[in-house]
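Undergrad: Supplied structure: coords.csv, CSV, C-alpha atoms.
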chain,number,residue,atom,x,y,z
G,1,MET,CA,38.8,-8.0,-2.8
G,2,LEU,CA,39.9,-5.7,0.1
G,3,ALA,CA,37.8,-3.0,1.7
G,4,GLY,CA,38.2,0.3,-0.1
G,5,THR,CA,38.0,-1.2,-3.6
G,6,PRO,CA,34.3,-1.6,-4.3
G,7,ARG,CA,33.2,-3.5,-7.3
G,8,ARG,CA,29.9,-3.9,-9.0
G,9,PRO,CA,27.8,-6.9,-8.0
G,10,ALA,CA,28.4,-10.0,-10.0
G,11,PRO,CA,25.6,-11.3,-12.2
G,12,ASP,CA,24.8,-14.2,-9.8
G,13,GLY,CA,22.3,-12.2,-7.8
G,14,ALA,CA,19.0,-10.4,-8.7
G,15,PRO,CA,19.7,-7.3,-10.8
G,16,ASP,CA,19.4,-3.9,-9.2
G,17,GLU,CA,16.8,-1.9,-11.1
G,18,GLY,CA,15.0,1.4,-10.7
G,19,ARG,CA,15.6,3.0,-7.3
G,20,ASP,CA,17.8,0.2,-6.1
G,21,GLY,CA,20.0,0.5,-9.2
G,22,GLU,CA,20.4,4.2,-8.7
G,23,GLU,CA,21.3,3.7,-5.0
G,24,ALA,CA,23.7,0.9,-5.7
G,25,ALA,CA,25.5,3.1,-8.3
G,26,ALA,CA,25.8,6.0,-5.9
G,27,LEU,CA,27.2,3.7,-3.2
G,28,LEU,CA,29.8,2.2,-5.4
G,29,ALA,CA,30.9,5.6,-6.6
G,30,ARG,CA,31.9,6.6,-3.0
G,31,PRO,CA,35.7,7.2,-2.7
G,32,PRO,CA,37.7,4.2,-1.4
G,33,ALA,CA,37.7,3.9,2.4
G,34,PRO,CA,40.7,1.7,3.4
G,35,PRO,CA,40.8,0.4,7.0
G,36,ASP,CA,43.3,1.6,9.6
G,37,ARG,CA,44.4,-2.0,10.2
G,38,THR,CA,43.2,-5.6,9.5
G,39,LEU,CA,42.9,-8.5,11.9
G,40,ARG,CA,43.0,-12.1,10.8
G,41,TYR,CA,40.7,-14.4,12.8
G,42,ARG,CA,41.3,-17.6,10.8
G,43,PRO,CA,43.4,-18.8,7.8
G,44,GLY,CA,42.1,-18.1,4.3
G,45,PRO,CA,41.3,-14.9,2.3
G,46,ASP,CA,37.9,-14.4,3.9
G,47,GLY,CA,39.1,-14.8,7.5
G,48,VAL,CA,39.7,-11.1,8.1
G,49,VAL,CA,38.2,-8.1,9.9
G,50,ASP,CA,39.0,-4.5,8.9
G,51,LEU,CA,39.3,-2.1,11.8
G,52,TYR,CA,38.4,1.6,11.4
G,53,GLY,CA,39.1,4.2,14.0
G,54,ASP,CA,41.1,4.4,17.2
G,55,GLY,CA,40.5,2.0,20.1
G,56,ASP,CA,38.6,-1.2,20.5
G,57,PRO,CA,35.6,-1.6,18.2
G,58,ARG,CA,32.2,-0.7,19.4
G,59,VAL,CA,30.2,-1.5,16.3
G,60,VAL,CA,30.6,-4.7,14.2
G,61,LEU,CA,29.4,-4.4,10.6
G,62,VAL,CA,28.3,-7.5,8.5
G,63,HIS,CA,27.8,-6.9,4.8
G,64,GLY,CA,25.2,-8.5,2.6
G,65,GLY,CA,25.2,-9.8,-1.0
G,66,TRP,CA,23.0,-12.9,-0.8
G,67,TRP,CA,25.8,-14.9,0.8
G,68,ARG,CA,27.6,-14.9,-2.6
G,69,THR,CA,31.2,-14.3,-3.5
G,70,GLY,CA,30.3,-11.5,-6.0
G,71,TYR,CA,29.8,-9.2,-3.0
G,72,ASP,CA,32.3,-8.4,-0.3
G,73,ARG,CA,32.9,-6.1,2.7
G,74,ALA,CA,33.9,-3.2,0.4
G,75,HIS,CA,30.3,-2.2,0.1
G,76,LEU,CA,30.1,-1.2,3.8
G,77,ALA,CA,33.6,0.4,3.9
G,78,PRO,CA,32.2,4.0,3.4
G,79,LEU,CA,29.8,3.4,6.3
G,80,ALA,CA,32.6,2.1,8.5
G,81,ALA,CA,34.8,5.1,7.7
G,82,ALA,CA,31.9,7.5,8.4
G,83,LEU,CA,31.2,5.9,11.8
G,84,ALA,CA,34.9,6.1,12.7
G,85,GLY,CA,34.8,9.7,11.7
G,86,ARG,CA,32.2,10.2,14.4
G,87,GLY,CA,34.5,8.7,17.0
G,88,VAL,CA,32.9,5.2,16.9
G,89,PRO,CA,35.5,2.5,16.2
G,90,VAL,CA,34.2,-0.2,13.8
G,91,ALA,CA,35.0,-3.8,12.9
G,92,LEU,CA,34.0,-4.7,9.3
G,93,VAL,CA,33.8,-8.5,9.0
G,94,GLU,CA,34.5,-10.7,6.0
G,95,TYR,CA,33.2,-14.3,6.0
G,96,ARG,CA,32.9,-17.3,3.7
G,97,ARG,CA,30.3,-17.1,0.9
G,98,GLY,CA,29.2,-19.0,-2.1
G,99,PRO,CA,27.2,-22.2,-2.8
G,100,GLY,CA,26.6,-24.1,0.5
G,101,ALA,CA,27.8,-21.1,2.5
G,102,TRP,CA,25.8,-22.1,5.5
G,103,PRO,CA,26.9,-22.9,8.2
G,104,ALA,CA,30.4,-21.6,7.4
G,105,ALA,CA,29.3,-18.0,7.2
G,106,GLY,CA,27.7,-18.2,10.7
G,107,GLU,CA,30.8,-20.0,12.1
G,108,ASP,CA,33.0,-17.2,10.7
G,109,LEU,CA,30.9,-14.4,12.3
G,110,ARG,CA,31.1,-16.0,15.7
G,111,ALA,CA,34.8,-16.6,15.3
G,112,ALA,CA,35.4,-13.0,14.2
G,113,LEU,CA,33.4,-11.7,17.2
G,114,ALA,CA,35.5,-13.8,19.6
G,115,ALA,CA,38.7,-12.5,18.0
G,116,LEU,CA,37.9,-8.8,18.4
G,117,PRO,CA,40.1,-6.8,20.8
G,118,GLY,CA,38.6,-5.4,24.0
G,119,THR,CA,35.9,-6.5,26.5
G,120,GLY,CA,33.3,-3.8,26.1
G,121,PRO,CA,29.8,-4.1,24.7
G,122,LEU,CA,29.3,-4.3,21.0
G,123,THR,CA,26.5,-3.3,18.6
G,124,LEU,CA,26.2,-6.0,15.9
G,125,ALA,CA,24.9,-4.5,12.7
G,126,GLY,CA,24.1,-6.3,9.4
G,127,HIS,CA,22.7,-5.4,6.0
G,128,SER,CA,20.5,-7.7,3.9
G,129,ALA,CA,22.0,-11.2,4.1
G,130,GLY,CA,24.3,-9.7,6.8
G,131,GLY,CA,21.2,-8.9,8.6
G,132,GLN,CA,20.3,-12.6,8.7
G,133,LEU,CA,23.7,-13.4,10.1
G,134,ALA,CA,23.5,-10.6,12.7
G,135,LEU,CA,20.0,-11.7,13.9
G,136,TRP,CA,21.1,-15.3,14.0
G,137,ALA,CA,24.2,-14.5,16.1
G,138,ALA,CA,22.2,-12.2,18.4
G,139,ALA,CA,19.6,-15.0,19.0
G,140,GLY,CA,22.3,-17.4,20.2
G,141,ALA,CA,24.9,-16.9,22.9
G,142,PRO,CA,25.6,-13.2,22.1
G,143,GLY,CA,28.7,-12.8,24.3
G,144,ARG,CA,29.7,-9.1,24.1
G,145,VAL,CA,26.8,-8.2,21.8
G,146,ALA,CA,24.6,-5.8,23.7
G,147,ARG,CA,22.2,-4.9,20.8
G,148,ALA,CA,21.6,-5.6,17.2
G,149,VAL,CA,20.8,-3.1,14.4
G,150,VAL,CA,19.9,-4.6,11.1
G,151,VAL,CA,19.1,-3.0,7.8
G,152,SER,CA,16.8,-4.6,5.2
G,153,PRO,CA,17.5,-8.0,6.7
G,154,VAL,CA,16.6,-11.3,5.1
G,155,ALA,CA,14.7,-12.2,8.3
G,156,ASP,CA,12.4,-14.9,7.0
G,157,LEU,CA,14.4,-17.5,5.1
G,158,ARG,CA,11.4,-19.7,4.3
G,159,GLU,CA,9.5,-16.8,2.7
G,160,ALA,CA,12.6,-15.6,0.9
G,161,ALA,CA,13.1,-19.1,-0.6
G,162,ARG,CA,9.4,-19.2,-1.6
G,163,LEU,CA,9.7,-15.9,-3.4
G,164,GLY,CA,13.0,-16.8,-5.0
G,165,LEU,CA,14.7,-13.6,-3.6
G,166,GLY,CA,18.2,-12.9,-4.8
G,167,ALA,CA,17.7,-15.2,-7.8
G,168,GLY,CA,17.3,-18.2,-5.6
G,169,ALA,CA,20.0,-17.3,-3.2
G,170,VAL,CA,18.5,-19.1,-0.2
G,171,GLY,CA,18.3,-22.4,-2.0
G,172,ALA,CA,21.9,-22.0,-3.3
G,173,CYS,CA,23.4,-21.2,0.0
G,174,PHE,CA,21.2,-23.0,2.5
G,175,GLY,CA,19.4,-25.7,0.6
G,176,GLU,CA,16.1,-26.3,2.5
G,177,PRO,CA,16.2,-23.3,4.9
G,178,PRO,CA,17.1,-24.7,8.4
G,179,VAL,CA,15.0,-23.4,11.3
G,180,ALA,CA,18.3,-23.0,13.2
G,181,ALA,CA,19.4,-20.4,10.7
G,182,ASP,CA,16.1,-18.6,10.2
G,183,PRO,CA,15.8,-15.4,12.3
G,184,LEU,CA,12.0,-15.4,12.2
G,185,ARG,CA,11.8,-18.9,13.6
G,186,LEU,CA,14.5,-18.6,16.2
G,187,PRO,CA,13.8,-17.4,19.7
G,188,ALA,CA,13.8,-13.6,20.1
G,189,PRO,CA,17.3,-12.3,20.9
G,190,PRO,CA,18.0,-11.5,24.5
G,191,VAL,CA,19.3,-8.1,23.4
G,192,PRO,CA,17.4,-5.1,21.9
G,193,VAL,CA,16.9,-5.2,18.2
G,194,THR,CA,16.3,-2.3,15.9
G,195,VAL,CA,15.4,-2.8,12.2
G,196,LEU,CA,15.6,-0.2,9.5
G,197,HIS,CA,14.0,-0.9,6.1
G,198,GLY,CA,13.3,1.2,3.0
G,199,THR,CA,9.7,1.2,2.0
G,200,GLU,CA,10.7,0.9,-1.7
G,201,ASP,CA,13.3,-1.9,-1.3
G,202,GLY,CA,13.2,-4.0,-4.4
G,203,GLN,CA,15.6,-6.7,-3.2
G,204,VAL,CA,14.3,-7.6,0.2
G,205,PRO,CA,10.6,-6.7,0.8
G,206,LEU,CA,9.6,-4.6,3.8
G,207,ALA,CA,7.3,-7.5,4.7
G,208,GLN,CA,10.4,-9.4,5.9
G,209,SER,CA,11.1,-6.8,8.6
G,210,LEU,CA,7.4,-6.3,9.5
G,211,ALA,CA,7.1,-10.1,10.1
G,212,TYR,CA,10.2,-10.1,12.3
G,213,ALA,CA,9.3,-7.1,14.3
G,214,THR,CA,5.8,-8.3,14.9
G,215,ARG,CA,6.9,-11.8,16.1
G,216,HIS,CA,9.9,-10.7,18.2
G,217,GLY,CA,9.1,-7.3,19.4
G,218,ALA,CA,11.9,-5.5,17.6
G,219,THR,CA,11.8,-1.7,17.0
G,220,LEU,CA,11.0,-1.1,13.3
G,221,ILE,CA,12.0,2.1,11.6
G,222,PRO,CA,10.5,2.3,8.1
G,223,LEU,CA,12.4,4.6,5.7
G,224,PRO,CA,10.0,6.2,3.3
G,225,GLY,CA,11.0,6.5,-0.4
G,226,THR,CA,14.1,4.5,0.2
G,227,GLY,CA,15.4,1.4,-1.6
G,228,HIS,CA,17.9,-1.3,-0.6
G,229,TYR,CA,21.2,0.5,-0.6
G,230,ALA,CA,20.6,4.1,0.5
G,231,PRO,CA,20.4,3.1,4.2
G,232,VAL,CA,24.0,1.9,4.2
G,233,ASP,CA,25.3,4.9,2.1
G,234,PRO,CA,26.5,7.6,4.5
G,235,GLY,CA,25.9,10.3,1.9
G,236,THR,CA,22.1,9.9,2.0
G,237,PRO,CA,19.4,10.9,4.5
G,238,ALA,CA,18.7,7.3,5.2
G,239,GLY,CA,22.4,6.6,5.8
G,240,ALA,CA,22.5,9.5,8.1
G,241,ARG,CA,19.6,8.0,10.1
G,242,LEU,CA,21.5,4.7,10.4
G,243,LEU,CA,24.7,6.5,11.5
G,244,ASP,CA,22.6,8.3,14.2
G,245,VAL,CA,21.2,4.9,15.4
G,246,LEU,CA,24.6,3.2,15.4
G,247,SER,CA,26.5,6.0,17.1
G,248,GLY,CA,23.9,6.7,19.7
G,249,GLY,CA,24.2,3.3,21.5
Written as structure tokens, that's how I'd like the structure from this file.

TA:
Amino acid sequence: MLAGTPRRPAPDGAPDEGRDGEEAAALLARPPAPPDRTLRYRPGPDGVVDLYGDGDPRVVLVHGGWWRTGYDRAHLAPLAAALAGRGVPVALVEYRRGPGAWPAAGEDLRAALAALPGTGPLTLAGHSAGGQLALWAAAGAPGRVARAVVVSPVADLREAARLGLGAGAVGACFGEPPVAADPLRLPAPPVPVTVLHGTEDGQVPLAQSLAYATRHGATLIPLPGTGHYAPVDPGTPAGARLLDVLSGG
């Protein structure tokens, strides 16, 4: 599904209930936000990057969805459009998902980063499972990545697997969580990392971000009274906070 045509999450993930459910419904009700152009970085339907705004991208967005095919980049399209409206060009990455998605998803992110136009520094931002991918990429050879900003990241794969988060998503997509994919157990990234996380997130516990920030010295911004989706919804106070963080670097 292309950006600008959001759809409700497929039933292969943990259901969104309570605050998360309300936030998800509000995000999905946002008007379509089609990209200005699309770049293909490899063959296949998922080998694309949507570009928003004029000029070379300064922020790269990586969507979440438990590495499953029921979720796509459309969920971050309103955020991408809002950033572009602030004069910050954005690249919104799609990647391979589904059972056994690792290491393909990581390979795709690196290939997408290498294919982006320009030579300037990039902010790499990811939400939820996309936060895992962003932290993983930032911990390796980051290339143009000058900082990482992650929202509600799945930062501790081992603990996420133990808790069965995302209806067993870690086991389905990674099998036994490899240390080489686990942000908490990788070396700290050589670039600054900022983590935003809602204190009432029912999908990814705040403890994931607390553990990561404590071990790796990342800046943690708790978002009181906030669930899993409001931080990536530009129409919410939490979303406005994220826009400020992303557009300020």

Undergrad: Measuring atom to atom with only C-alpha atoms, identify which of G:Ala167, G:Ala33, G:Ala129, G:Ala188 is nearest to G:Trp66.

TA: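 Counting only C-alpha atoms, the residue closest to G:Trp66 is G:Ala129.
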
Undergrad: With only C-alpha atoms as the atoms that count, which of G:Pro32, G:Gly171, G:Gly143, G:Gly126 lies nearest to G:Leu196?

TA: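 Looking only at the distances to G:Leu196, the closest residue turns out to be G:Gly126.
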
Undergrad: One decimal, in Å: what's the spacing between atom CA of G:Pro89 and atom CA of G:Asp36?

TA: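 Interatomic distance here is 10.3 Å.
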
Undergrad: One decimal, in Å: what's the spacing between atom CA of G:Glu94 and atom CA of G:Leu109?

TA: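 These atoms are spaced 8.1 Å apart.
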
Undergrad: What would the list of residues within 9 Å of (29.2, -19.6, -1.8) (file frame) look like as a VMD selection string, if all atoms listed in the file are what count?

TA: chain G and resid 67 to 69 96 to 102 172 to 173
